[in-house]
Each structure stands twice: as structure tokens, then as C-alpha cells.
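One file, protein_32.cif, is given below (mmCIF, N, CA and C atoms).
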data_structure
loop_
_atom_site.label_atom_id
_atom_site.label_comp_id
_atom_site.auth_asym_id
_atom_site.auth_seq_id
_atom_site.Cartn_x
_atom_site.Cartn_y
_atom_site.Cartn_z
N MET A 19 40.60 -52.35 -5.97
CA MET A 19 40.29 -53.43 -5.06
C MET A 19 38.83 -53.33 -4.64
N PRO A 20 38.03 -54.37 -4.87
CA PRO A 20 36.61 -54.31 -4.53
C PRO A 20 36.39 -54.37 -3.02
N LEU A 21 35.35 -53.72 -2.59
CA LEU A 21 34.97 -53.71 -1.19
C LEU A 21 34.01 -54.87 -0.94
N HIS A 22 34.32 -55.68 0.06
CA HIS A 22 33.45 -56.81 0.41
C HIS A 22 32.77 -56.51 1.73
N VAL A 23 31.48 -56.60 1.70
CA VAL A 23 30.70 -56.39 2.91
C VAL A 23 29.92 -57.66 3.16
N SER A 24 30.12 -58.23 4.32
CA SER A 24 29.35 -59.42 4.64
C SER A 24 28.15 -59.00 5.47
N MET A 25 27.04 -59.60 5.16
CA MET A 25 25.81 -59.26 5.86
C MET A 25 25.44 -60.41 6.78
N GLN A 26 25.05 -60.08 7.98
CA GLN A 26 24.58 -61.07 8.93
C GLN A 26 23.13 -60.77 9.23
N ARG A 27 22.37 -61.80 9.41
CA ARG A 27 20.98 -61.60 9.73
C ARG A 27 20.73 -62.15 11.12
N SER A 28 20.31 -61.25 12.00
CA SER A 28 19.96 -61.68 13.35
C SER A 28 18.66 -61.00 13.74
N SER A 29 17.79 -61.72 14.30
CA SER A 29 16.47 -61.24 14.70
C SER A 29 15.74 -60.53 13.58
N GLY A 30 15.92 -61.03 12.36
CA GLY A 30 15.18 -60.49 11.24
C GLY A 30 15.70 -59.17 10.71
N VAL A 31 16.84 -58.66 11.22
CA VAL A 31 17.38 -57.38 10.79
C VAL A 31 18.75 -57.60 10.18
N ALA A 32 18.94 -57.12 8.96
CA ALA A 32 20.24 -57.24 8.31
C ALA A 32 21.18 -56.20 8.88
N SER A 33 22.44 -56.58 9.09
CA SER A 33 23.42 -55.62 9.58
C SER A 33 24.78 -55.96 9.00
N CYS A 34 25.61 -54.96 8.88
CA CYS A 34 26.97 -55.17 8.40
C CYS A 34 27.76 -55.81 9.52
N SER A 35 28.66 -56.74 9.16
CA SER A 35 29.49 -57.32 10.19
C SER A 35 30.44 -56.25 10.70
N GLY A 36 30.61 -56.17 11.96
CA GLY A 36 31.48 -55.19 12.55
C GLY A 36 30.78 -53.87 12.86
N CYS A 37 29.53 -53.72 12.44
CA CYS A 37 28.80 -52.48 12.71
C CYS A 37 27.96 -52.66 13.96
N VAL A 38 27.82 -51.61 14.69
CA VAL A 38 26.95 -51.64 15.85
C VAL A 38 25.59 -51.16 15.38
N ASN A 39 24.60 -52.01 15.55
CA ASN A 39 23.27 -51.68 15.05
C ASN A 39 22.25 -51.64 16.17
N SER A 40 22.70 -51.31 17.34
CA SER A 40 21.74 -51.27 18.44
C SER A 40 21.38 -49.83 18.75
N VAL A 41 20.15 -49.66 19.16
CA VAL A 41 19.67 -48.34 19.55
C VAL A 41 19.44 -48.38 21.04
N SER A 42 20.05 -47.45 21.73
CA SER A 42 19.90 -47.38 23.17
C SER A 42 18.46 -47.06 23.52
N SER A 43 17.95 -47.73 24.52
CA SER A 43 16.57 -47.48 24.92
C SER A 43 16.43 -46.10 25.56
N SER A 44 17.55 -45.50 25.95
CA SER A 44 17.47 -44.17 26.55
C SER A 44 17.52 -43.06 25.49
N ALA A 45 17.82 -43.42 24.24
CA ALA A 45 17.84 -42.41 23.18
C ALA A 45 16.42 -41.98 22.86
N PRO A 46 16.21 -40.66 22.71
CA PRO A 46 14.84 -40.20 22.42
C PRO A 46 14.39 -40.61 21.03
N ASP A 47 13.13 -40.91 20.92
CA ASP A 47 12.53 -41.25 19.63
C ASP A 47 12.40 -39.97 18.81
N PRO A 48 13.08 -39.89 17.65
CA PRO A 48 13.04 -38.65 16.86
C PRO A 48 11.65 -38.33 16.31
N PHE A 49 10.74 -39.30 16.34
CA PHE A 49 9.39 -39.08 15.83
C PHE A 49 8.40 -38.74 16.95
N ASP A 50 8.88 -38.76 18.19
CA ASP A 50 8.04 -38.40 19.33
C ASP A 50 7.76 -36.90 19.27
N GLN A 51 6.48 -36.52 19.18
CA GLN A 51 6.10 -35.12 19.00
C GLN A 51 6.57 -34.24 20.16
N SER A 52 6.48 -34.74 21.39
CA SER A 52 6.90 -33.92 22.53
C SER A 52 8.41 -33.70 22.50
N HIS A 53 9.16 -34.71 22.05
CA HIS A 53 10.62 -34.54 21.93
C HIS A 53 10.95 -33.50 20.87
N ARG A 54 10.25 -33.56 19.74
CA ARG A 54 10.49 -32.59 18.67
C ARG A 54 10.13 -31.19 19.14
N PHE A 55 9.03 -31.05 19.88
CA PHE A 55 8.61 -29.76 20.42
C PHE A 55 9.71 -29.19 21.31
N GLU A 56 10.22 -30.01 22.23
CA GLU A 56 11.28 -29.57 23.14
C GLU A 56 12.55 -29.21 22.38
N SER A 57 12.88 -30.00 21.35
CA SER A 57 14.08 -29.72 20.57
C SER A 57 13.97 -28.38 19.84
N TYR A 58 12.81 -28.12 19.26
CA TYR A 58 12.60 -26.84 18.58
C TYR A 58 12.65 -25.68 19.57
N GLU A 59 12.04 -25.86 20.73
CA GLU A 59 12.06 -24.80 21.75
C GLU A 59 13.50 -24.49 22.17
N THR A 60 14.29 -25.53 22.39
CA THR A 60 15.69 -25.35 22.78
C THR A 60 16.47 -24.64 21.68
N ALA A 61 16.31 -25.12 20.44
CA ALA A 61 17.02 -24.53 19.30
C ALA A 61 16.63 -23.07 19.12
N LEU A 62 15.36 -22.76 19.25
CA LEU A 62 14.90 -21.39 19.09
C LEU A 62 15.43 -20.50 20.21
N GLY A 63 15.50 -21.05 21.41
CA GLY A 63 16.06 -20.30 22.54
C GLY A 63 17.53 -19.97 22.33
N GLU A 64 18.26 -20.90 21.72
CA GLU A 64 19.69 -20.70 21.48
C GLU A 64 19.96 -19.78 20.29
N ASP A 65 19.07 -19.79 19.30
CA ASP A 65 19.28 -18.99 18.09
C ASP A 65 17.93 -18.48 17.57
N PRO A 66 17.38 -17.44 18.23
CA PRO A 66 16.03 -16.99 17.90
C PRO A 66 15.89 -16.31 16.53
N HIS A 67 16.99 -16.06 15.85
CA HIS A 67 16.93 -15.41 14.54
C HIS A 67 17.32 -16.35 13.41
N ASN A 68 17.37 -17.64 13.71
CA ASN A 68 17.72 -18.63 12.70
C ASN A 68 16.48 -18.89 11.83
N VAL A 69 16.59 -18.52 10.57
CA VAL A 69 15.45 -18.61 9.65
C VAL A 69 14.95 -20.05 9.52
N GLN A 70 15.86 -21.01 9.40
CA GLN A 70 15.44 -22.40 9.23
C GLN A 70 14.71 -22.93 10.46
N ILE A 71 15.18 -22.56 11.64
CA ILE A 71 14.50 -22.99 12.87
C ILE A 71 13.11 -22.36 12.94
N LEU A 72 13.03 -21.07 12.67
CA LEU A 72 11.72 -20.39 12.69
C LEU A 72 10.76 -21.04 11.70
N TYR A 73 11.26 -21.30 10.50
CA TYR A 73 10.43 -21.91 9.44
C TYR A 73 9.96 -23.31 9.82
N LYS A 74 10.91 -24.16 10.18
CA LYS A 74 10.56 -25.55 10.46
C LYS A 74 9.71 -25.69 11.73
N TYR A 75 10.02 -24.89 12.73
CA TYR A 75 9.24 -24.95 13.96
C TYR A 75 7.83 -24.40 13.71
N GLY A 76 7.73 -23.32 12.97
CA GLY A 76 6.42 -22.77 12.63
C GLY A 76 5.58 -23.77 11.87
N LYS A 77 6.18 -24.41 10.89
CA LYS A 77 5.47 -25.42 10.11
C LYS A 77 5.06 -26.60 10.99
N PHE A 78 5.96 -27.03 11.86
CA PHE A 78 5.68 -28.13 12.78
C PHE A 78 4.49 -27.80 13.68
N LEU A 79 4.47 -26.59 14.23
CA LEU A 79 3.37 -26.20 15.12
C LEU A 79 2.03 -26.20 14.39
N CYS A 80 2.04 -25.70 13.17
CA CYS A 80 0.79 -25.64 12.40
C CYS A 80 0.30 -27.03 12.02
N GLU A 81 1.21 -27.91 11.64
CA GLU A 81 0.81 -29.21 11.12
C GLU A 81 0.67 -30.29 12.18
N ASN A 82 1.51 -30.27 13.21
CA ASN A 82 1.54 -31.38 14.16
C ASN A 82 1.02 -31.04 15.55
N GLN A 83 1.10 -29.80 15.92
CA GLN A 83 0.69 -29.42 17.26
C GLN A 83 -0.63 -28.66 17.27
N ASN A 84 -1.17 -28.41 16.07
CA ASN A 84 -2.42 -27.69 15.95
C ASN A 84 -2.36 -26.34 16.68
N ASN A 85 -1.21 -25.68 16.57
CA ASN A 85 -1.02 -24.37 17.19
C ASN A 85 -0.74 -23.38 16.08
N TYR A 86 -1.79 -23.09 15.33
CA TYR A 86 -1.66 -22.23 14.15
C TYR A 86 -1.20 -20.83 14.51
N ALA A 87 -1.71 -20.26 15.59
CA ALA A 87 -1.38 -18.87 15.94
C ALA A 87 0.12 -18.70 16.14
N LYS A 88 0.73 -19.56 16.94
CA LYS A 88 2.18 -19.44 17.19
C LYS A 88 2.97 -19.81 15.94
N GLY A 89 2.52 -20.81 15.21
CA GLY A 89 3.21 -21.21 13.98
C GLY A 89 3.23 -20.08 12.97
N LYS A 90 2.10 -19.40 12.83
CA LYS A 90 2.01 -18.28 11.89
C LYS A 90 2.97 -17.16 12.30
N VAL A 91 3.04 -16.87 13.59
CA VAL A 91 3.96 -15.83 14.08
C VAL A 91 5.40 -16.20 13.76
N LEU A 92 5.77 -17.46 13.94
CA LEU A 92 7.14 -17.88 13.65
C LEU A 92 7.44 -17.77 12.16
N LEU A 93 6.49 -18.13 11.31
CA LEU A 93 6.69 -17.99 9.87
C LEU A 93 6.83 -16.51 9.48
N GLN A 94 6.04 -15.66 10.11
CA GLN A 94 6.14 -14.22 9.84
C GLN A 94 7.51 -13.68 10.28
N GLN A 95 8.01 -14.15 11.41
CA GLN A 95 9.35 -13.74 11.87
C GLN A 95 10.41 -14.19 10.88
N ALA A 96 10.28 -15.41 10.38
CA ALA A 96 11.24 -15.92 9.40
C ALA A 96 11.21 -15.06 8.14
N LEU A 97 10.02 -14.65 7.72
CA LEU A 97 9.91 -13.82 6.52
C LEU A 97 10.42 -12.39 6.74
N LYS A 98 10.40 -11.91 7.97
CA LYS A 98 10.99 -10.60 8.25
C LYS A 98 12.51 -10.66 8.06
N ILE A 99 13.09 -11.79 8.42
CA ILE A 99 14.54 -11.97 8.31
C ILE A 99 14.93 -12.30 6.87
N ALA A 100 14.13 -13.13 6.22
CA ALA A 100 14.44 -13.58 4.85
C ALA A 100 13.19 -13.40 3.98
N PRO A 101 12.87 -12.16 3.60
CA PRO A 101 11.62 -11.90 2.88
C PRO A 101 11.54 -12.50 1.48
N CYS A 102 12.65 -12.96 0.94
CA CYS A 102 12.64 -13.55 -0.41
C CYS A 102 12.88 -15.05 -0.39
N ASN A 103 12.70 -15.69 0.76
CA ASN A 103 12.86 -17.14 0.84
C ASN A 103 11.61 -17.78 0.25
N ALA A 104 11.75 -18.36 -0.93
CA ALA A 104 10.61 -18.87 -1.67
C ALA A 104 9.86 -19.98 -0.94
N GLU A 105 10.58 -20.87 -0.29
CA GLU A 105 9.90 -21.98 0.39
C GLU A 105 9.09 -21.49 1.59
N ILE A 106 9.62 -20.52 2.32
CA ILE A 106 8.87 -19.98 3.45
C ILE A 106 7.66 -19.21 2.95
N LEU A 107 7.84 -18.45 1.89
CA LEU A 107 6.71 -17.74 1.29
C LEU A 107 5.62 -18.72 0.85
N ALA A 108 6.01 -19.80 0.20
CA ALA A 108 5.03 -20.79 -0.27
C ALA A 108 4.32 -21.45 0.90
N GLU A 109 5.05 -21.77 1.95
CA GLU A 109 4.42 -22.38 3.13
C GLU A 109 3.44 -21.41 3.78
N TYR A 110 3.84 -20.17 3.90
CA TYR A 110 2.98 -19.15 4.49
C TYR A 110 1.72 -18.96 3.63
N ALA A 111 1.89 -18.93 2.32
CA ALA A 111 0.74 -18.80 1.42
C ALA A 111 -0.21 -19.98 1.56
N ARG A 112 0.36 -21.18 1.65
CA ARG A 112 -0.46 -22.38 1.82
C ARG A 112 -1.30 -22.29 3.09
N LEU A 113 -0.68 -21.84 4.15
CA LEU A 113 -1.40 -21.71 5.42
C LEU A 113 -2.48 -20.63 5.34
N LEU A 114 -2.18 -19.53 4.66
CA LEU A 114 -3.19 -18.49 4.49
C LEU A 114 -4.42 -19.04 3.77
N TRP A 115 -4.17 -19.87 2.78
CA TRP A 115 -5.27 -20.43 2.00
C TRP A 115 -6.02 -21.51 2.80
N GLU A 116 -5.27 -22.47 3.35
CA GLU A 116 -5.91 -23.61 4.00
C GLU A 116 -6.51 -23.27 5.36
N ARG A 117 -5.87 -22.41 6.11
CA ARG A 117 -6.34 -22.12 7.46
C ARG A 117 -7.25 -20.89 7.54
N GLU A 118 -6.96 -19.88 6.70
CA GLU A 118 -7.73 -18.64 6.79
C GLU A 118 -8.65 -18.44 5.59
N ASN A 119 -8.50 -19.31 4.60
CA ASN A 119 -9.30 -19.24 3.37
C ASN A 119 -9.21 -17.85 2.71
N ASP A 120 -8.01 -17.26 2.80
CA ASP A 120 -7.77 -15.94 2.22
C ASP A 120 -7.12 -16.13 0.85
N ARG A 121 -7.97 -16.33 -0.15
CA ARG A 121 -7.50 -16.62 -1.50
C ARG A 121 -6.65 -15.49 -2.07
N LYS A 122 -7.08 -14.26 -1.86
CA LYS A 122 -6.38 -13.10 -2.43
C LYS A 122 -4.98 -12.96 -1.84
N LYS A 123 -4.87 -12.99 -0.54
CA LYS A 123 -3.56 -12.84 0.13
C LYS A 123 -2.66 -14.03 -0.21
N ALA A 124 -3.21 -15.23 -0.21
CA ALA A 124 -2.41 -16.41 -0.55
C ALA A 124 -1.87 -16.30 -1.96
N SER A 125 -2.68 -15.84 -2.89
CA SER A 125 -2.25 -15.69 -4.27
C SER A 125 -1.09 -14.69 -4.37
N GLU A 126 -1.20 -13.58 -3.66
CA GLU A 126 -0.14 -12.57 -3.67
C GLU A 126 1.17 -13.14 -3.12
N VAL A 127 1.08 -13.88 -2.04
CA VAL A 127 2.28 -14.45 -1.42
C VAL A 127 2.87 -15.53 -2.32
N TYR A 128 2.02 -16.36 -2.93
CA TYR A 128 2.52 -17.37 -3.87
C TYR A 128 3.25 -16.70 -5.04
N GLU A 129 2.71 -15.62 -5.55
CA GLU A 129 3.36 -14.93 -6.66
C GLU A 129 4.73 -14.41 -6.25
N ARG A 130 4.85 -13.91 -5.03
CA ARG A 130 6.17 -13.49 -4.52
C ARG A 130 7.12 -14.68 -4.43
N ALA A 131 6.60 -15.82 -4.02
CA ALA A 131 7.44 -17.02 -3.89
C ALA A 131 7.97 -17.45 -5.26
N VAL A 132 7.10 -17.44 -6.26
CA VAL A 132 7.51 -17.85 -7.61
C VAL A 132 8.51 -16.84 -8.18
N GLU A 133 8.30 -15.56 -7.92
CA GLU A 133 9.26 -14.55 -8.37
C GLU A 133 10.62 -14.75 -7.71
N ALA A 134 10.60 -15.11 -6.43
CA ALA A 134 11.84 -15.27 -5.69
C ALA A 134 12.66 -16.46 -6.18
N ASP A 135 11.99 -17.54 -6.59
CA ASP A 135 12.71 -18.74 -7.05
C ASP A 135 11.84 -19.50 -8.05
N PRO A 136 11.86 -19.05 -9.31
CA PRO A 136 10.98 -19.66 -10.32
C PRO A 136 11.36 -21.08 -10.72
N GLU A 137 12.48 -21.58 -10.26
CA GLU A 137 12.91 -22.94 -10.59
C GLU A 137 12.67 -23.93 -9.44
N ASN A 138 12.16 -23.46 -8.32
CA ASN A 138 11.98 -24.30 -7.14
C ASN A 138 10.76 -25.20 -7.33
N CYS A 139 11.00 -26.50 -7.39
CA CYS A 139 9.92 -27.47 -7.64
C CYS A 139 8.86 -27.46 -6.54
N TYR A 140 9.29 -27.34 -5.29
CA TYR A 140 8.33 -27.32 -4.18
C TYR A 140 7.40 -26.12 -4.32
N VAL A 141 7.97 -24.96 -4.60
CA VAL A 141 7.19 -23.73 -4.73
C VAL A 141 6.21 -23.85 -5.90
N LEU A 142 6.70 -24.32 -7.03
CA LEU A 142 5.85 -24.45 -8.21
C LEU A 142 4.72 -25.45 -7.98
N ALA A 143 5.03 -26.57 -7.36
CA ALA A 143 4.00 -27.58 -7.09
C ALA A 143 2.97 -27.06 -6.10
N SER A 144 3.43 -26.37 -5.09
CA SER A 144 2.52 -25.83 -4.10
C SER A 144 1.60 -24.77 -4.73
N TYR A 145 2.17 -23.93 -5.56
CA TYR A 145 1.39 -22.90 -6.24
C TYR A 145 0.38 -23.53 -7.21
N ALA A 146 0.81 -24.54 -7.95
CA ALA A 146 -0.09 -25.22 -8.88
C ALA A 146 -1.25 -25.87 -8.13
N SER A 147 -0.95 -26.49 -7.01
CA SER A 147 -2.00 -27.10 -6.19
C SER A 147 -2.99 -26.05 -5.71
N PHE A 148 -2.46 -24.92 -5.25
CA PHE A 148 -3.31 -23.82 -4.81
C PHE A 148 -4.21 -23.34 -5.95
N LEU A 149 -3.63 -23.13 -7.12
CA LEU A 149 -4.42 -22.65 -8.26
C LEU A 149 -5.53 -23.64 -8.60
N TRP A 150 -5.19 -24.92 -8.59
CA TRP A 150 -6.16 -25.95 -8.92
C TRP A 150 -7.30 -25.97 -7.89
N LYS A 151 -6.93 -26.02 -6.61
CA LYS A 151 -7.94 -26.11 -5.56
C LYS A 151 -8.75 -24.83 -5.43
N SER A 152 -8.08 -23.69 -5.52
CA SER A 152 -8.81 -22.43 -5.36
C SER A 152 -9.72 -22.16 -6.54
N GLU A 153 -9.29 -22.57 -7.72
CA GLU A 153 -10.14 -22.39 -8.90
C GLU A 153 -11.38 -23.27 -8.80
N GLN A 154 -11.20 -24.50 -8.30
CA GLN A 154 -12.35 -25.38 -8.12
C GLN A 154 -13.31 -24.79 -7.09
N SER A 155 -12.77 -24.32 -5.97
CA SER A 155 -13.60 -23.73 -4.92
C SER A 155 -14.27 -22.46 -5.41
N PHE A 156 -13.50 -21.62 -6.09
CA PHE A 156 -14.02 -20.36 -6.59
C PHE A 156 -15.11 -20.61 -7.63
N GLY A 157 -14.86 -21.59 -8.49
CA GLY A 157 -15.84 -21.93 -9.52
C GLY A 157 -17.13 -22.45 -8.93
N LEU A 158 -17.04 -23.26 -7.88
CA LEU A 158 -18.24 -23.77 -7.22
C LEU A 158 -19.03 -22.65 -6.58
N CYS A 159 -18.33 -21.72 -5.94
CA CYS A 159 -19.01 -20.60 -5.29
C CYS A 159 -19.66 -19.68 -6.32
N ALA A 160 -19.02 -19.50 -7.45
CA ALA A 160 -19.56 -18.60 -8.47
C ALA A 160 -20.84 -19.16 -9.09
N HIS A 161 -20.96 -20.49 -9.09
CA HIS A 161 -22.14 -21.11 -9.70
C HIS A 161 -23.30 -21.27 -8.72
N LEU A 162 -23.10 -20.99 -7.47
CA LEU A 162 -24.16 -21.14 -6.48
C LEU A 162 -25.10 -19.97 -6.45
#
Target format C-alpha cells, applied to this file:
Amino acid sequence: MPLHVSMQRSSGVASCSGCVNSVSSSAPDPFDQSHRFESYETALGEDPHNVQILYKYGKFLCENQNNYAKGKVLLQQALKIAPCNAEILAEYARLLWERENDRKKASEVYERAVEADPENCYVLASYASFLWKSEQSFGLCAHL
């Protein structure tokens, strides 16, 4: 038996008939940076050894809050708990390269990430980008 869904258009927004498509004005905006900051703080307070929270919050602080020092500490804590997590290793390596310009250390950490999960597309792409950018930078410096 085929499923029939009727669509209604009101105020320029398509919605399924019978579905509630309203967003409460009191609901927090998930893209609001201060809301995300508070959510991460709460989650970390409730589960300070959760690798995913440490990783995502650390990455968030480095990229969105411009708080590299705390973000780096959180990533290091995540790696103490899960030292073979390829995505965390790759993120940490990227930050070492982009923020500290430590090509040698970043390369070592990227190599650990690739060893940990050689099939991970994110890790491979991140490492390839690093190799491309660092080789260009290194080549320019060598010719000066």
C-alpha cells in the first residue's frame, strides 16, 4: 500500500499535513555560540571523561571561541583517554600545524592518526592537506 503525503504551503514553507512545524520562540537557537558554549560546559561537567565531549568541545573552542589554550588541553585530555582515536589525533595535528606551526610534531601526530585508522577519509584528507600545505611552505622557505 503506497504512502500518500499531502503537502501544504503556508507562509512560503512546505509542511506535511498533520505535522507540527512550529518552533517555539523560547527554544534556544542551536547555532547560537553562547548556547553551544553553555551546553558543552554542562555536558563536560556531567561527564568529564567523555572522549567525544572533550574532542568536540576542544575543537569548538579552538575554531569558534578563539580559545586555543583551553581547546588544546581538552584535546590532549581526550587523547589521554583514547590515544588511538584517529580523528582526534588528526584534529590535534592540524591544530599543531595551523596554530603553532610545528611541522615536525604535526607530521608525527598525523602519522599516528593514519596508523590508527588507515581507511578513515577525514584523517587521510586532513593529512593530505597538511602534506600539500606544509610542502609548499617548506619549499618556499628553502628557496629563500
Determine, counting all atoms listed in the file, which protein, DNA and RNA residues have an atom within 8 Å of an atom of Gly89 of chain A; residues of the same chain fewer than 6 positions away are not included. Present the result as a list in words.
Leu72, Tyr75, Gly76, Lys77, Phe78, Leu79, Cys80, Glu81 and Gln95 of chain A
Take the residues from that selection and put them in a file with N, CA and C atoms, as a PDB file, in the coordinates of the input.
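The result, stored in selection-v6.pdb:
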ATOM      1  N   LEU A  72      13.030 -21.070  12.670  1.00  0.00           N
ATOM      2  CA  LEU A  72      11.720 -20.390  12.690  1.00  0.00           C
ATOM      3  C   LEU A  72      10.760 -21.040  11.700  1.00  0.00           C
ATOM      4  N   TYR A  75      10.020 -24.890  12.730  1.00  0.00           N
ATOM      5  CA  TYR A  75       9.240 -24.950  13.960  1.00  0.00           C
ATOM      6  C   TYR A  75       7.830 -24.400  13.710  1.00  0.00           C
ATOM      7  N   GLY A  76       7.730 -23.320  12.970  1.00  0.00           N
ATOM      8  CA  GLY A  76       6.420 -22.770  12.630  1.00  0.00           C
ATOM      9  C   GLY A  76       5.580 -23.770  11.870  1.00  0.00           C
ATOM     10  N   LYS A  77       6.180 -24.410  10.890  1.00  0.00           N
ATOM     11  CA  LYS A  77       5.470 -25.420  10.110  1.00  0.00           C
ATOM     12  C   LYS A  77       5.060 -26.600  10.990  1.00  0.00           C
ATOM     13  N   PHE A  78       5.960 -27.030  11.860  1.00  0.00           N
ATOM     14  CA  PHE A  78       5.680 -28.130  12.780  1.00  0.00           C
ATOM     15  C   PHE A  78       4.490 -27.800  13.680  1.00  0.00           C
ATOM     16  N   LEU A  79       4.470 -26.590  14.230  1.00  0.00           N
ATOM     17  CA  LEU A  79       3.370 -26.200  15.120  1.00  0.00           C
ATOM     18  C   LEU A  79       2.030 -26.200  14.390  1.00  0.00           C
ATOM     19  N   CYS A  80       2.040 -25.700  13.170  1.00  0.00           N
ATOM     20  CA  CYS A  80       0.790 -25.640  12.400  1.00  0.00           C
ATOM     21  C   CYS A  80       0.300 -27.030  12.020  1.00  0.00           C
ATOM     22  N   GLU A  81       1.210 -27.910  11.640  1.00  0.00           N
ATOM     23  CA  GLU A  81       0.810 -29.210  11.120  1.00  0.00           C
ATOM     24  C   GLU A  81       0.670 -30.290  12.180  1.00  0.00           C
ATOM     25  N   GLN A  95       8.010 -14.150  11.410  1.00  0.00           N
ATOM     26  CA  GLN A  95       9.350 -13.740  11.870  1.00  0.00           C
ATOM     27  C   GLN A  95      10.410 -14.190  10.880  1.00  0.00           C
TER      28      GLN A  95
END
Applying 7 Å and only C-alpha atoms, which residues near segment 99-108 of chain A remain after dropping the ones on its own chain fewer than 5 positions away? List them as a ChimeraX atom specification.
/A:69,73,127-128,131-132,134-135,141,144
Mind giving me the straight-line distance from atom N of Ala146 of chain A to atom N of Glu109 of chain A in Å, one decimal?
11.1 Å
Between atom CA of Ala143 of chain A and atom CA of Asn68 of chain A - distance in Å to one decimal:
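Atom CA of Ala143 of chain A lies 25.7 Å from atom CA of Asn68 of chain A.
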Considering only C-alpha atoms, state which residue in the set A:Arg112, A:Lys122, A:Arg117, A:Ala96 is at the smallest distance from Phe148 of chain A.
A:Arg112
The residue from A:His67, A:Glu137, A:Tyr110, A:Phe55 with the smallest atom-to-atom distance to Lys123 of chain A, counting only N, CA and C atoms, is A:Tyr110
Two-atom distance - atom CA of Leu113 of chain A, atom CA of Ser125 of chain A (Å)
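If I compute the distance from atom CA of Leu113 of chain A to atom CA of Ser125 of chain A, I get 11.4 Å.
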